[in-house]
>>> print(open('final28.cif').read())   # mmCIF, C-alpha atoms
data_run
loop_
_atom_site.label_atom_id
_atom_site.label_comp_id
_atom_site.auth_asym_id
_atom_site.auth_seq_id
_atom_site.Cartn_x
_atom_site.Cartn_y
_atom_site.Cartn_z
CA MET A 834 40.82 -77.51 -163.98
CA SER A 835 39.81 -80.22 -166.47
CA ARG A 836 39.44 -79.52 -170.15
CA GLY A 837 35.68 -80.08 -169.94
CA GLY A 838 35.21 -77.33 -167.35
CA SER A 839 34.76 -77.27 -163.60
CA ILE A 840 32.50 -79.67 -161.72
CA PRO A 841 30.03 -76.89 -160.73
CA GLU A 842 29.83 -75.76 -164.38
CA GLN A 843 29.16 -79.33 -165.52
CA ARG A 844 26.40 -79.74 -162.94
CA GLN A 845 24.77 -76.47 -164.00
CA GLN A 846 24.87 -77.48 -167.68
CA ALA A 847 23.41 -80.90 -166.86
CA SER A 848 20.64 -79.30 -164.81
CA GLU A 849 19.78 -76.90 -167.64
CA ALA A 850 19.75 -79.79 -170.14
CA ASP A 851 17.37 -81.76 -167.89
CA GLY A 852 15.10 -78.75 -167.64
CA ILE A 853 14.93 -78.42 -171.42
CA ALA A 854 14.29 -82.13 -171.88
CA THR A 855 11.43 -82.24 -169.36
CA THR A 856 7.98 -81.67 -170.84
CA PHE A 857 6.06 -78.99 -168.97
CA ARG A 858 2.89 -80.16 -167.23
CA ALA A 859 0.81 -77.55 -165.44
CA SER A 860 -0.28 -80.10 -162.82
CA GLU A 861 3.35 -80.93 -161.96
CA HIS A 862 5.46 -77.84 -162.58
CA GLN A 863 5.14 -74.44 -160.94
CA HIS A 864 4.53 -71.47 -163.21
CA ILE A 865 2.98 -68.02 -163.07
CA ARG A 866 -0.18 -66.88 -164.87
CA TYR A 867 -1.27 -63.36 -165.77
CA ASN A 868 -4.64 -61.90 -164.82
CA PRO A 869 -5.44 -59.31 -167.54
CA LEU A 870 -8.58 -58.15 -165.73
CA GLN A 871 -6.80 -57.04 -162.56
CA ASP A 872 -3.27 -56.66 -163.97
CA GLU A 873 -1.58 -59.08 -161.59
CA TRP A 874 0.12 -62.48 -161.57
CA VAL A 875 -0.52 -65.69 -159.63
CA LEU A 876 1.97 -68.45 -158.83
CA VAL A 877 0.54 -71.91 -159.56
CA SER A 878 2.21 -74.71 -157.55
CA ALA A 879 -0.06 -77.74 -158.00
CA HIS A 880 2.59 -80.20 -156.84
CA ARG A 881 2.13 -78.81 -153.32
CA MET A 882 -1.15 -80.74 -153.04
CA LYS A 883 0.97 -83.90 -152.58
CA ARG A 884 2.35 -82.70 -149.26
CA PRO A 885 0.69 -84.08 -146.09
CA TRP A 886 -1.40 -81.48 -144.31
CA GLN A 887 -0.17 -80.59 -140.83
CA GLY A 888 -1.65 -77.12 -140.61
CA GLN A 889 -4.78 -75.76 -139.02
CA VAL A 890 -8.00 -77.76 -139.22
CA GLU A 891 -11.15 -75.70 -138.81
CA PRO A 892 -13.86 -76.77 -136.33
CA PRO A 893 -16.92 -78.42 -137.86
CA LEU A 894 -19.29 -75.92 -139.41
CA LEU A 895 -22.56 -75.07 -137.70
CA THR A 896 -25.08 -77.64 -138.90
CA THR A 897 -28.22 -76.73 -136.95
CA VAL A 898 -29.62 -73.25 -137.48
CA PRO A 899 -33.06 -72.39 -136.07
CA ARG A 900 -35.54 -71.40 -138.75
CA HIS A 901 -36.58 -68.35 -136.73
CA ASP A 902 -34.83 -66.78 -133.77
CA PRO A 903 -36.57 -63.73 -132.28
CA HIS A 904 -33.18 -62.55 -131.00
CA ASN A 905 -31.54 -62.71 -134.44
CA PRO A 906 -31.58 -59.10 -135.76
CA LEU A 907 -32.07 -60.30 -139.37
CA CYS A 908 -35.18 -62.38 -138.69
CA PRO A 909 -38.70 -61.12 -139.45
CA GLY A 910 -40.19 -59.33 -136.46
CA ALA A 911 -36.86 -59.10 -134.59
CA THR A 912 -35.66 -55.91 -132.91
CA ARG A 913 -32.30 -54.65 -134.18
CA ALA A 914 -29.55 -52.92 -132.20
CA ASN A 915 -30.91 -49.44 -133.00
CA GLY A 916 -34.37 -50.34 -131.66
CA GLU A 917 -36.04 -50.71 -135.06
CA VAL A 918 -38.31 -53.72 -135.53
CA ASN A 919 -38.10 -55.70 -138.76
CA PRO A 920 -41.34 -56.24 -140.65
CA TYR A 921 -42.64 -59.79 -141.03
CA TYR A 922 -41.21 -60.00 -144.54
CA ASP A 923 -41.82 -63.07 -146.70
CA GLY A 924 -39.32 -62.41 -149.51
CA THR A 925 -36.30 -60.13 -149.60
CA PHE A 926 -35.84 -57.37 -147.05
CA VAL A 927 -33.46 -54.40 -147.50
CA PHE A 928 -32.56 -51.96 -144.73
CA ASP A 929 -29.84 -49.46 -143.86
CA ASN A 930 -26.90 -51.07 -142.06
CA ASP A 931 -27.04 -50.16 -138.38
CA PHE A 932 -23.23 -49.93 -138.24
CA PRO A 933 -22.23 -48.62 -141.69
CA ALA A 934 -18.65 -48.31 -142.93
CA LEU A 935 -19.78 -45.41 -145.13
CA GLN A 936 -22.07 -42.53 -144.22
CA PRO A 937 -23.52 -39.93 -146.59
CA ASP A 938 -22.60 -36.84 -144.56
CA ALA A 939 -19.00 -37.50 -143.47
CA PRO A 940 -16.80 -34.37 -143.49
CA ASN A 941 -13.72 -33.89 -145.62
CA PRO A 942 -10.41 -34.92 -144.01
CA GLY A 943 -9.17 -31.48 -143.04
CA ASN A 944 -9.56 -28.63 -145.53
CA LEU A 945 -8.34 -30.65 -148.49
CA ALA A 946 -9.34 -29.39 -151.90
CA ILE A 947 -9.32 -32.65 -153.87
CA ALA A 948 -8.11 -32.72 -157.43
CA ALA A 949 -10.48 -35.37 -158.80
CA VAL A 950 -9.37 -37.00 -162.02
CA GLY A 951 -11.26 -39.41 -164.25
CA PRO A 952 -13.78 -39.57 -167.07
CA GLY A 953 -15.76 -36.37 -166.61
CA GLY A 954 -13.52 -35.35 -163.68
CA GLY A 955 -16.15 -36.38 -161.16
CA TRP A 956 -15.00 -39.37 -159.15
CA GLY A 957 -11.76 -40.98 -160.28
CA ARG A 958 -8.27 -40.97 -158.81
CA GLU A 959 -5.34 -40.69 -161.15
CA ALA A 960 -3.63 -44.02 -161.85
CA GLY A 961 0.04 -44.17 -161.02
CA PRO A 962 2.51 -44.99 -158.26
CA LEU A 963 1.35 -42.15 -156.03
CA GLY A 964 -1.90 -41.12 -157.67
CA GLY A 965 -2.66 -37.45 -158.25
CA LEU A 966 -1.21 -34.80 -155.95
CA LEU A 967 -3.84 -33.23 -153.74
CA LEU A 968 -4.33 -29.50 -153.76
CA GLN A 969 -4.27 -28.15 -150.21
CA THR A 970 -5.95 -25.15 -148.68
CA ASP A 971 -4.59 -26.03 -145.24
CA THR A 972 -0.88 -25.99 -144.47
CA ARG A 973 -0.94 -28.91 -142.05
CA HIS A 974 -1.96 -32.50 -142.60
CA PRO A 975 -5.03 -33.47 -140.52
CA PHE A 976 -3.35 -36.64 -139.18
CA THR A 977 0.21 -35.46 -138.48
CA SER A 978 2.10 -32.40 -137.32
CA GLY A 979 4.04 -32.08 -140.60
CA PRO A 980 3.25 -30.18 -143.81
CA SER A 981 0.30 -31.51 -145.75
CA ASP A 982 1.44 -30.92 -149.33
CA HIS A 983 3.56 -34.09 -149.68
CA PRO A 984 2.44 -36.84 -152.10
CA LEU A 985 3.12 -39.53 -149.46
CA PHE A 986 0.34 -38.16 -147.25
CA GLN A 987 -2.92 -38.08 -149.17
CA ALA A 988 -6.50 -38.29 -148.03
CA GLU A 989 -9.78 -37.82 -149.84
CA ALA A 990 -13.39 -37.57 -148.77
CA ALA A 991 -15.30 -40.86 -148.57
CA ARG A 992 -19.09 -40.85 -148.43
CA GLY A 993 -21.72 -43.42 -149.11
CA VAL A 994 -24.49 -45.69 -147.94
CA CYS A 995 -24.39 -49.27 -146.59
CA LYS A 996 -27.40 -51.56 -146.75
CA VAL A 997 -28.17 -55.13 -145.72
CA MET A 998 -30.34 -57.38 -147.88
CA CYS A 999 -31.95 -60.50 -146.41
CA PHE A 1000 -32.58 -63.14 -149.08
CA HIS A 1001 -35.29 -65.14 -147.31
CA PRO A 1002 -37.31 -65.04 -144.08
CA TRP A 1003 -35.92 -68.40 -142.89
CA SER A 1004 -32.50 -68.56 -141.25
CA ASP A 1005 -31.90 -72.23 -142.08
CA VAL A 1006 -31.81 -71.84 -145.86
CA THR A 1007 -29.02 -70.63 -148.12
CA LEU A 1008 -29.16 -69.70 -151.79
CA PRO A 1009 -28.57 -73.27 -153.10
CA LEU A 1010 -31.47 -74.49 -150.94
CA MET A 1011 -33.82 -71.78 -152.17
CA SER A 1012 -36.07 -72.32 -155.18
CA VAL A 1013 -35.22 -70.79 -158.54
CA PRO A 1014 -38.13 -68.29 -158.28
CA GLU A 1015 -36.87 -67.26 -154.81
CA ILE A 1016 -33.37 -66.68 -156.18
CA ARG A 1017 -34.90 -64.70 -159.05
CA THR A 1018 -36.47 -62.41 -156.43
CA VAL A 1019 -33.00 -61.82 -154.97
CA ILE A 1020 -31.64 -60.96 -158.43
CA ASP A 1021 -34.47 -58.46 -158.99
CA ALA A 1022 -33.67 -56.89 -155.61
CA TRP A 1023 -29.98 -56.65 -156.57
CA ALA A 1024 -30.92 -54.89 -159.82
CA SER A 1025 -33.32 -52.56 -158.02
CA VAL A 1026 -30.87 -51.48 -155.32
CA THR A 1027 -28.15 -50.98 -157.96
CA GLU A 1028 -30.47 -48.68 -159.87
CA GLU A 1029 -31.56 -46.80 -156.76
CA LEU A 1030 -28.10 -46.19 -155.29
CA GLY A 1031 -26.45 -45.88 -158.70
CA ALA A 1032 -28.51 -42.75 -159.33
CA ARG A 1033 -26.47 -41.04 -156.57
CA TYR A 1034 -23.16 -42.87 -156.32
CA PRO A 1035 -20.53 -43.88 -158.90
CA TRP A 1036 -19.95 -47.35 -157.44
CA VAL A 1037 -22.43 -49.84 -155.99
CA GLN A 1038 -20.80 -52.95 -154.54
CA ILE A 1039 -23.04 -55.94 -153.88
CA PHE A 1040 -21.25 -58.67 -151.94
CA GLU A 1041 -22.07 -61.74 -149.89
CA ASN A 1042 -19.85 -63.22 -147.18
CA LYS A 1043 -21.16 -66.71 -146.51
CA GLY A 1044 -20.01 -68.69 -143.50
CA ALA A 1045 -18.05 -67.97 -140.33
CA MET A 1046 -14.83 -68.83 -142.19
CA MET A 1047 -15.38 -65.70 -144.29
CA GLY A 1048 -16.13 -63.52 -141.28
CA CYS A 1049 -19.91 -63.77 -141.45
CA SER A 1050 -21.27 -63.53 -137.90
CA ASN A 1051 -24.92 -64.23 -138.76
CA PRO A 1052 -26.08 -67.43 -140.50
CA HIS A 1053 -29.29 -65.83 -141.80
CA PRO A 1054 -29.07 -65.67 -145.63
CA HIS A 1055 -28.11 -62.13 -146.55
CA CYS A 1056 -25.69 -59.89 -148.42
CA GLN A 1057 -24.51 -56.31 -148.15
CA VAL A 1058 -24.59 -53.36 -150.53
CA TRP A 1059 -22.09 -50.52 -150.18
CA ALA A 1060 -22.45 -47.47 -152.42
CA SER A 1061 -19.49 -45.09 -152.43
CA SER A 1062 -18.60 -41.62 -153.66
CA PHE A 1063 -15.32 -43.01 -155.02
CA LEU A 1064 -14.27 -45.89 -157.24
CA PRO A 1065 -12.56 -48.57 -155.07
CA ASP A 1066 -9.09 -49.83 -156.00
CA ILE A 1067 -10.14 -53.10 -157.65
CA ALA A 1068 -12.88 -51.34 -159.59
CA GLN A 1069 -10.33 -48.77 -160.78
CA ARG A 1070 -8.01 -51.55 -161.89
CA GLU A 1071 -10.77 -53.33 -163.81
CA GLU A 1072 -11.80 -50.01 -165.34
CA ARG A 1073 -8.25 -49.38 -166.55
CA THR A 1074 -7.63 -52.89 -167.94
CA GLN A 1075 -10.99 -53.19 -169.69
CA ARG A 1076 -10.70 -49.73 -171.23
CA ALA A 1077 -7.17 -50.47 -172.46
CA TYR A 1078 -8.15 -53.84 -173.96
CA GLN A 1079 -11.14 -52.35 -175.78
CA SER A 1080 -8.92 -49.58 -177.13
CA GLN A 1081 -6.27 -52.02 -178.36
CA ARG A 1082 -8.41 -54.95 -179.53
CA GLY A 1083 -11.74 -53.34 -180.39
CA GLU A 1084 -13.92 -55.53 -178.15
CA PRO A 1085 -14.62 -55.94 -174.41
CA LEU A 1086 -11.98 -57.98 -172.58
CA LEU A 1087 -14.45 -60.27 -170.80
CA MET A 1088 -16.55 -60.84 -173.93
CA GLU A 1089 -13.46 -62.10 -175.74
CA TYR A 1090 -12.35 -64.07 -172.69
CA GLY A 1091 -15.72 -65.84 -172.39
CA HIS A 1092 -15.59 -66.69 -176.10
CA GLN A 1093 -12.10 -68.15 -175.76
CA GLU A 1094 -13.07 -70.25 -172.74
CA LEU A 1095 -16.05 -71.63 -174.65
CA LEU A 1096 -13.67 -72.76 -177.40
CA ARG A 1097 -11.20 -74.36 -174.97
CA LYS A 1098 -13.79 -75.89 -172.59
CA GLU A 1099 -11.20 -77.09 -170.03
CA ARG A 1100 -12.10 -74.50 -167.39
CA LEU A 1101 -15.87 -74.38 -167.95
CA VAL A 1102 -18.02 -75.50 -165.03
CA LEU A 1103 -21.53 -74.66 -166.27
CA THR A 1104 -23.07 -73.21 -169.41
CA SER A 1105 -26.62 -72.13 -170.17
CA GLU A 1106 -28.43 -70.14 -172.82
CA HIS A 1107 -27.42 -66.80 -171.30
CA TRP A 1108 -24.56 -67.48 -168.83
CA LEU A 1109 -21.16 -69.09 -168.34
CA VAL A 1110 -19.52 -70.25 -165.12
CA LEU A 1111 -15.81 -71.01 -165.28
CA VAL A 1112 -12.70 -71.23 -163.15
CA PRO A 1113 -10.58 -68.35 -164.48
CA PHE A 1114 -7.22 -69.16 -166.07
CA TRP A 1115 -5.74 -66.80 -163.44
CA ALA A 1116 -7.81 -67.98 -160.43
CA VAL A 1117 -6.25 -67.37 -157.01
CA TRP A 1118 -8.61 -69.14 -154.60
CA PRO A 1119 -8.78 -72.96 -154.88
CA TYR A 1120 -12.28 -73.21 -156.38
CA GLN A 1121 -12.74 -69.62 -157.50
CA THR A 1122 -15.27 -69.06 -160.28
CA LEU A 1123 -16.28 -66.28 -162.61
CA LEU A 1124 -19.92 -65.83 -163.67
CA LEU A 1125 -20.36 -64.14 -167.06
CA PRO A 1126 -23.33 -63.23 -169.27
CA ARG A 1127 -22.98 -64.39 -172.89
CA ARG A 1128 -24.46 -61.10 -174.14
CA HIS A 1129 -22.69 -57.78 -173.69
CA VAL A 1130 -24.25 -56.38 -170.50
CA ARG A 1131 -22.78 -53.53 -168.49
CA ARG A 1132 -24.89 -53.55 -165.30
CA LEU A 1133 -27.36 -55.74 -163.40
CA PRO A 1134 -30.45 -53.60 -164.16
CA GLU A 1135 -29.86 -54.19 -167.89
CA LEU A 1136 -30.55 -57.94 -167.63
CA THR A 1137 -33.68 -59.09 -169.44
CA PRO A 1138 -36.34 -61.20 -167.67
CA ALA A 1139 -35.08 -64.30 -169.51
CA GLU A 1140 -31.48 -63.58 -168.46
CA ARG A 1141 -32.58 -63.13 -164.84
CA ASP A 1142 -34.47 -66.43 -164.86
CA ASP A 1143 -31.46 -68.18 -166.34
CA LEU A 1144 -29.13 -66.50 -163.85
CA ALA A 1145 -31.24 -67.80 -160.94
CA SER A 1146 -31.04 -71.32 -162.36
CA ILE A 1147 -27.28 -71.33 -163.00
CA MET A 1148 -26.56 -69.75 -159.59
CA LYS A 1149 -28.50 -72.53 -157.88
CA LYS A 1150 -26.54 -75.15 -159.84
CA LEU A 1151 -23.16 -73.56 -159.09
CA LEU A 1152 -23.81 -73.12 -155.38
CA THR A 1153 -25.19 -76.66 -155.16
CA LYS A 1154 -21.96 -77.95 -156.69
CA TYR A 1155 -20.00 -75.93 -154.15
CA ASP A 1156 -21.95 -77.51 -151.27
CA ASN A 1157 -21.60 -80.97 -152.82
CA LEU A 1158 -17.81 -80.66 -153.17
CA PHE A 1159 -17.14 -81.36 -149.49
CA GLU A 1160 -20.76 -81.97 -148.41
CA THR A 1161 -20.91 -78.83 -146.34
CA SER A 1162 -22.49 -75.39 -146.53
CA PHE A 1163 -19.67 -74.00 -148.65
CA PRO A 1164 -18.22 -70.68 -147.42
CA TYR A 1165 -17.28 -67.96 -149.90
CA SER A 1166 -17.16 -64.27 -150.57
CA MET A 1167 -18.77 -63.16 -153.81
CA GLY A 1168 -19.59 -59.88 -155.46
CA TRP A 1169 -20.87 -58.23 -158.62
CA HIS A 1170 -18.79 -55.85 -160.73
CA GLY A 1171 -20.51 -53.71 -163.32
CA ALA A 1172 -19.86 -50.42 -165.06
CA PRO A 1173 -19.67 -47.31 -162.82
CA THR A 1174 -22.87 -45.38 -162.22
CA GLY A 1175 -23.72 -42.00 -160.70
CA SER A 1176 -23.28 -38.80 -162.66
CA GLU A 1177 -21.02 -40.57 -165.15
CA ALA A 1178 -23.51 -43.38 -165.95
CA GLY A 1179 -24.26 -41.87 -169.35
CA ALA A 1180 -20.63 -41.95 -170.47
CA ASN A 1181 -19.32 -44.62 -172.81
CA TRP A 1182 -18.81 -47.76 -170.71
CA ASP A 1183 -18.97 -50.28 -173.54
CA HIS A 1184 -15.62 -51.72 -172.46
CA TRP A 1185 -17.26 -53.01 -169.28
CA GLN A 1186 -18.86 -56.44 -169.02
CA LEU A 1187 -20.99 -57.36 -166.01
CA HIS A 1188 -19.53 -60.25 -164.00
CA ALA A 1189 -19.55 -61.87 -160.56
CA HIS A 1190 -16.54 -63.22 -158.67
CA TYR A 1191 -16.83 -66.16 -156.26
CA TYR A 1192 -13.91 -66.63 -153.85
CA PRO A 1193 -14.25 -69.79 -151.69
CA PRO A 1194 -11.44 -70.57 -149.21
CA LEU A 1195 -11.79 -74.36 -148.84
CA LEU A 1196 -8.87 -76.31 -150.28
CA ARG A 1197 -8.78 -79.99 -149.30
CA SER A 1198 -11.92 -80.62 -147.22
CA ALA A 1199 -14.68 -78.92 -145.27
CA THR A 1200 -12.19 -78.14 -142.50
CA ILE A 1201 -8.99 -77.32 -144.43
CA ARG A 1202 -8.77 -73.95 -146.11
CA LYS A 1203 -6.33 -71.92 -148.12
CA PHE A 1204 -4.60 -69.15 -146.15
CA MET A 1205 -3.58 -65.98 -147.96
CA VAL A 1206 -0.57 -65.13 -145.80
CA GLY A 1207 3.21 -64.91 -145.99
CA TYR A 1208 4.13 -65.11 -149.66
CA GLU A 1209 0.64 -64.00 -150.73
CA MET A 1210 0.75 -60.90 -148.54
CA LEU A 1211 4.38 -60.01 -149.22
CA ALA A 1212 4.98 -61.14 -152.81
CA GLN A 1213 2.00 -62.27 -154.92
CA ALA A 1214 -0.92 -64.68 -154.91
CA GLN A 1215 -0.18 -68.43 -154.97
CA ARG A 1216 -2.49 -71.41 -155.47
CA ASP A 1217 -2.07 -75.14 -154.78
CA LEU A 1218 -3.97 -76.79 -157.65
CA THR A 1219 -4.44 -75.75 -161.25
CA PRO A 1220 -7.60 -73.96 -162.36
CA GLU A 1221 -8.15 -76.83 -164.81
CA GLN A 1222 -8.13 -79.38 -161.98
CA ALA A 1223 -10.57 -77.28 -159.97
CA ALA A 1224 -12.91 -76.83 -162.94
CA GLU A 1225 -12.94 -80.56 -163.73
CA ARG A 1226 -13.80 -81.44 -160.15
CA LEU A 1227 -16.61 -78.88 -159.97
CA ARG A 1228 -17.90 -79.81 -163.42
CA THR A 1229 -18.36 -83.49 -162.53
CA LEU A 1230 -20.26 -82.83 -159.29
CA PRO A 1231 -24.03 -83.46 -159.25
CA GLU A 1232 -26.49 -80.57 -159.50
CA VAL A 1233 -28.82 -82.05 -156.86
CA HIS A 1234 -27.93 -80.82 -153.38
CA TYR A 1235 -26.41 -83.50 -151.16
CA CYS A 1236 -28.89 -82.65 -148.37
CA LEU A 1237 -31.83 -83.34 -150.67
CA GLY A 1238 -30.23 -86.53 -151.93
CA GLN A 1239 -29.67 -87.62 -148.34
CA LYS A 1240 -33.33 -87.03 -147.49
CA ASP A 1241 -34.41 -89.07 -150.51
CA ARG A 1242 -32.16 -91.95 -149.42
CA GLU A 1243 -33.51 -91.80 -145.87
CA THR A 1244 -37.11 -91.83 -147.18
CA ALA A 1245 -36.36 -94.81 -149.41
CA THR A 1246 -34.76 -96.69 -146.48
CA ILE A 1247 -37.79 -96.08 -144.24
CA ALA A 1248 -40.16 -97.18 -147.01
#
>>> encode(input="final28.cif", output="structure tokens")
Amino acid sequence: MSRGGSIPEQRQQASEADGIATTFRASEHQHIRYNPLQDEWVLVSAHRMKRPWQGQVEPPLLTTVPRHDPHNPLCPGATRANGEVNPYYDGTFVFDNDFPALQPDAPNPGNLAIAAVGPGGGWGREAGPLGGLLLQTDTRHPFTSGPSDHPLFQAEAARGVCKVMCFHPWSDVTLPLMSVPEIRTVIDAWASVTEELGARYPWVQIFENKGAMMGCSNPHPHCQVWASSFLPDIAQREERTQRAYQSQRGEPLLMEYGHQELLRKERLVLTSEHWLVLVPFWAVWPYQTLLLPRRHVRRLPELTPAERDDLASIMKKLLTKYDNLFETSFPYSMGWHGAPTGSEAGANWDHWQLHAHYYPPLLRSATIRKFMVGYEMLAQAQRDLTPEQAAERLRTLPEVHYCLGQKDRETATIA
């Protein structure tokens, strides 16, 4: 062995020295980022965007959608699967889902006496590796032949209501192609259904799946609303993190986060008098955005008329930018998160801040998407470009829809 150490030791020392000497650049070097809202980490590997794409390429998206199809169950005047006939609506239209995932009168799973834990003891499930142990009045688990008092075999009652909300009577329009007043009507309907179902259920989840790539089987512009007797996992996580942050720092987590992003500016996409749109520091999906009110607001029904008008305007701008990114009807899943409702609505929820998540899958083009598989399913989320890069690209896109611009160019050419 030489006096200076072994060859492997020398190589390791040289490698460590090179690592120290190299200046970190988020766009070049992998790193992990923490999501304080959902208490999880994401691996950022922006250098992977340099690799040639040899994976799956999606078929071209449907470009021609009939304005009205009498056989489409979401169209005005159409007959749905249960035999009911839709009215000839000219704005929004809300109806009970014909095939709901939640029903209001589902029985308990076996004779389980559920030990509910949470603020007020009404709806929560105890946080922890296994949750709270269930109290049993039956000696056998309803799904197996073994004893039912083991913490690895838990089941609770799940009840609720599922609704469908059509945004517009025409099938060939999407939110970015609707007028601001039409989008405002959708926002009012969101607030109204939240108030209605929130009077009975502790959680009301409004969500939109847009595009076949996100599993949407009907191109007619619509969303769904699921109200549940329990707080879903992600809602529980956001409840826990926001409550803890407020307790430790004295202010709502997302209020402070919005303020910090306004100071930094590098991840902002849009700002208005009442709203912010940004790519979160911890974003998982390629062009994921977070929509935040500037004022402390807990739930959709609390928005003022001015905030609703402004929300309609900034939503149209954001979704237009999405469509303009790859000049396609941009697929995404989105949803609103607000403070829990139901019997606990009167409790102190000041740690909650209303917000909407947008999760679009497209990565490189209209036909190349990000897959959440392998490492994402077995380890943790991973993304292929930095949130700052995504925000800059969205920020610089025009706010006039590419379809409208194309029509203007065609008109000018004809003239």
>>> atom_distance(input="final28.cif", atom1="CA of Ile1147 in chain A", atom2="CA of Ser1004 in chain A")
22.5 Å
>>> atom_distance(input="final28.cif", atom1="CA of Gly910 in chain A", atom2="CA of Ala1045 in chain A")
24.1 Å
>>> closest_atom_pairs(input="final28.cif", of="range 1116-1158 of chain A", to="range 1078-1100 of chain A", cutoff="10 Å", atoms="all atoms listed in the file", output="Markdown table")
| residue | atom | partner | partner_atom | distance |
| --- | --- | --- | --- | --- |
| A:Thr1122 | CA | A:Arg1100 | CA | 9.5 |
| A:Leu1123 | CA | A:Gly1091 | CA | 9.8 |
| A:Leu1124 | CA | A:Gly1091 | CA | 9.7 |
| A:Leu1125 | CA | A:Gly1091 | CA | 7.3 |
| A:Pro1126 | CA | A:Met1088 | CA | 8.6 |
| A:Arg1127 | CA | A:Met1088 | CA | 7.4 |
| A:Arg1128 | CA | A:Met1088 | CA | 7.9 |
| A:His1129 | CA | A:Met1088 | CA | 6.9 |
| A:Val1130 | CA | A:Met1088 | CA | 9.5 |
>>> write_last_selection(input="final28.cif", atoms="C-alpha atoms", output="JSON list (two decimals), keeping the file's coordinate frame")
[["chain", "number", "residue", "atom", "x", "y", "z"],
["A", 1122, "THR", "CA", -15.27, -69.06, -160.28],
["A", 1123, "LEU", "CA", -16.28, -66.28, -162.61],
["A", 1124, "LEU", "CA", -19.92, -65.83, -163.67],
["A", 1125, "LEU", "CA", -20.36, -64.14, -167.06],
["A", 1126, "PRO", "CA", -23.33, -63.23, -169.27],
["A", 1127, "ARG", "CA", -22.98, -64.39, -172.89],
["A", 1128, "ARG", "CA", -24.46, -61.10, -174.14],
["A", 1129, "HIS", "CA", -22.69, -57.78, -173.69],
["A", 1130, "VAL", "CA", -24.25, -56.38, -170.50]]
>>> residues_around(input="final28.cif", residues="Trp1059 in chain A", least_positions_apart="4", cutoff="8 Å", atoms="all atoms listed in the file", output="ChimeraX atom specification")
/A:935,993-996,1037-1039
>>> atom_distance(input="final28.cif", atom1="CA of Leu1109 in chain A", atom2="CA of Asp1183 in chain A")
19.6 Å
>>> resolve_selection(input="final28.cif", expression="the PyMOL selection byres ((chain A and resi 1198) around 10)", output="mmCIF file with C-alpha atoms, in the frame of the given file")
data_model
loop_
_atom_site.group_PDB
_atom_site.id
_atom_site.type_symbol
_atom_site.label_atom_id
_atom_site.label_comp_id
_atom_site.auth_asym_id
_atom_site.auth_seq_id
_atom_site.Cartn_x
_atom_site.Cartn_y
_atom_site.Cartn_z
ATOM 1 C CA VAL A 890 -8.000 -77.760 -139.220
ATOM 2 C CA GLU A 891 -11.150 -75.700 -138.810
ATOM 3 C CA LEU A 1158 -17.810 -80.660 -153.170
ATOM 4 C CA PHE A 1159 -17.140 -81.360 -149.490
ATOM 5 C CA GLU A 1160 -20.760 -81.970 -148.410
ATOM 6 C CA THR A 1161 -20.910 -78.830 -146.340
ATOM 7 C CA LEU A 1195 -11.790 -74.360 -148.840
ATOM 8 C CA LEU A 1196 -8.870 -76.310 -150.280
ATOM 9 C CA ARG A 1197 -8.780 -79.990 -149.300
ATOM 10 C CA ALA A 1199 -14.680 -78.920 -145.270
ATOM 11 C CA THR A 1200 -12.190 -78.140 -142.500
ATOM 12 C CA ILE A 1201 -8.990 -77.320 -144.430
ATOM 13 C CA ARG A 1202 -8.770 -73.950 -146.110
#
>>> closest_residue(input="final28.cif", among="A:Val1006, A:Val1233, A:Leu1064, A:Cys1049", to="Leu1151 in chain A", atoms="only C-alpha atoms")
A:Val1233
>>> closest_residue(input="final28.cif", among="A:Arg1216, A:Lys1150, A:Arg1226, A:His1234", to="Arg866 in chain A", atoms="only C-alpha atoms")
A:Arg1216
>>> resolve_selection(input="final28.cif", expression="the PyMOL selection byres ((chain A and resi 927) around 8)", output="PyMOL selection string")
chain A and resi 925-926+928-929+996-999
>>> write_last_selection(input="final28.cif", atoms="C-alpha atoms", output="PDB file, in the coordinates of the input")
ATOM      1  CA  THR A 925     -36.300 -60.130-149.600  1.00  0.00           C
ATOM      2  CA  PHE A 926     -35.840 -57.370-147.050  1.00  0.00           C
ATOM      3  CA  PHE A 928     -32.560 -51.960-144.730  1.00  0.00           C
ATOM      4  CA  ASP A 929     -29.840 -49.460-143.860  1.00  0.00           C
ATOM      5  CA  LYS A 996     -27.400 -51.560-146.750  1.00  0.00           C
ATOM      6  CA  VAL A 997     -28.170 -55.130-145.720  1.00  0.00           C
ATOM      7  CA  MET A 998     -30.340 -57.380-147.880  1.00  0.00           C
ATOM      8  CA  CYS A 999     -31.950 -60.500-146.410  1.00  0.00           C
TER       9      CYS A 999
END
>>> closest_residue(input="final28.cif", among="A:Ala1189, A:His983, A:Trp1115, A:Ala1032", to="Ser1176 in chain A", atoms="only C-alpha atoms")
A:Ala1032
>>> residues_around(input="final28.cif", residues="His1053 in chain A", least_positions_apart="6", cutoff="10 Å", atoms="only C-alpha atoms", output="compact mmCIF listing (two decimals) with C-alpha atoms, in the frame of the given file")
# COMPACT_ATOMS: atom_id res chain seq x y z
CA VAL A 898 -29.62 -73.25 -137.48
CA PRO A 899 -33.06 -72.39 -136.07
CA ARG A 900 -35.54 -71.40 -138.75
CA HIS A 901 -36.58 -68.35 -136.73
CA ASP A 902 -34.83 -66.78 -133.77
CA ASN A 905 -31.54 -62.71 -134.44
CA PRO A 906 -31.58 -59.10 -135.76
CA LEU A 907 -32.07 -60.30 -139.37
CA CYS A 908 -35.18 -62.38 -138.69
CA CYS A 999 -31.95 -60.50 -146.41
CA PHE A 1000 -32.58 -63.14 -149.08
CA HIS A 1001 -35.29 -65.14 -147.31
CA PRO A 1002 -37.31 -65.04 -144.08
CA TRP A 1003 -35.92 -68.40 -142.89
CA SER A 1004 -32.50 -68.56 -141.25
CA ASP A 1005 -31.90 -72.23 -142.08
CA VAL A 1006 -31.81 -71.84 -145.86
CA THR A 1007 -29.02 -70.63 -148.12
CA LYS A 1043 -21.16 -66.71 -146.51
CA GLY A 1044 -20.01 -68.69 -143.50
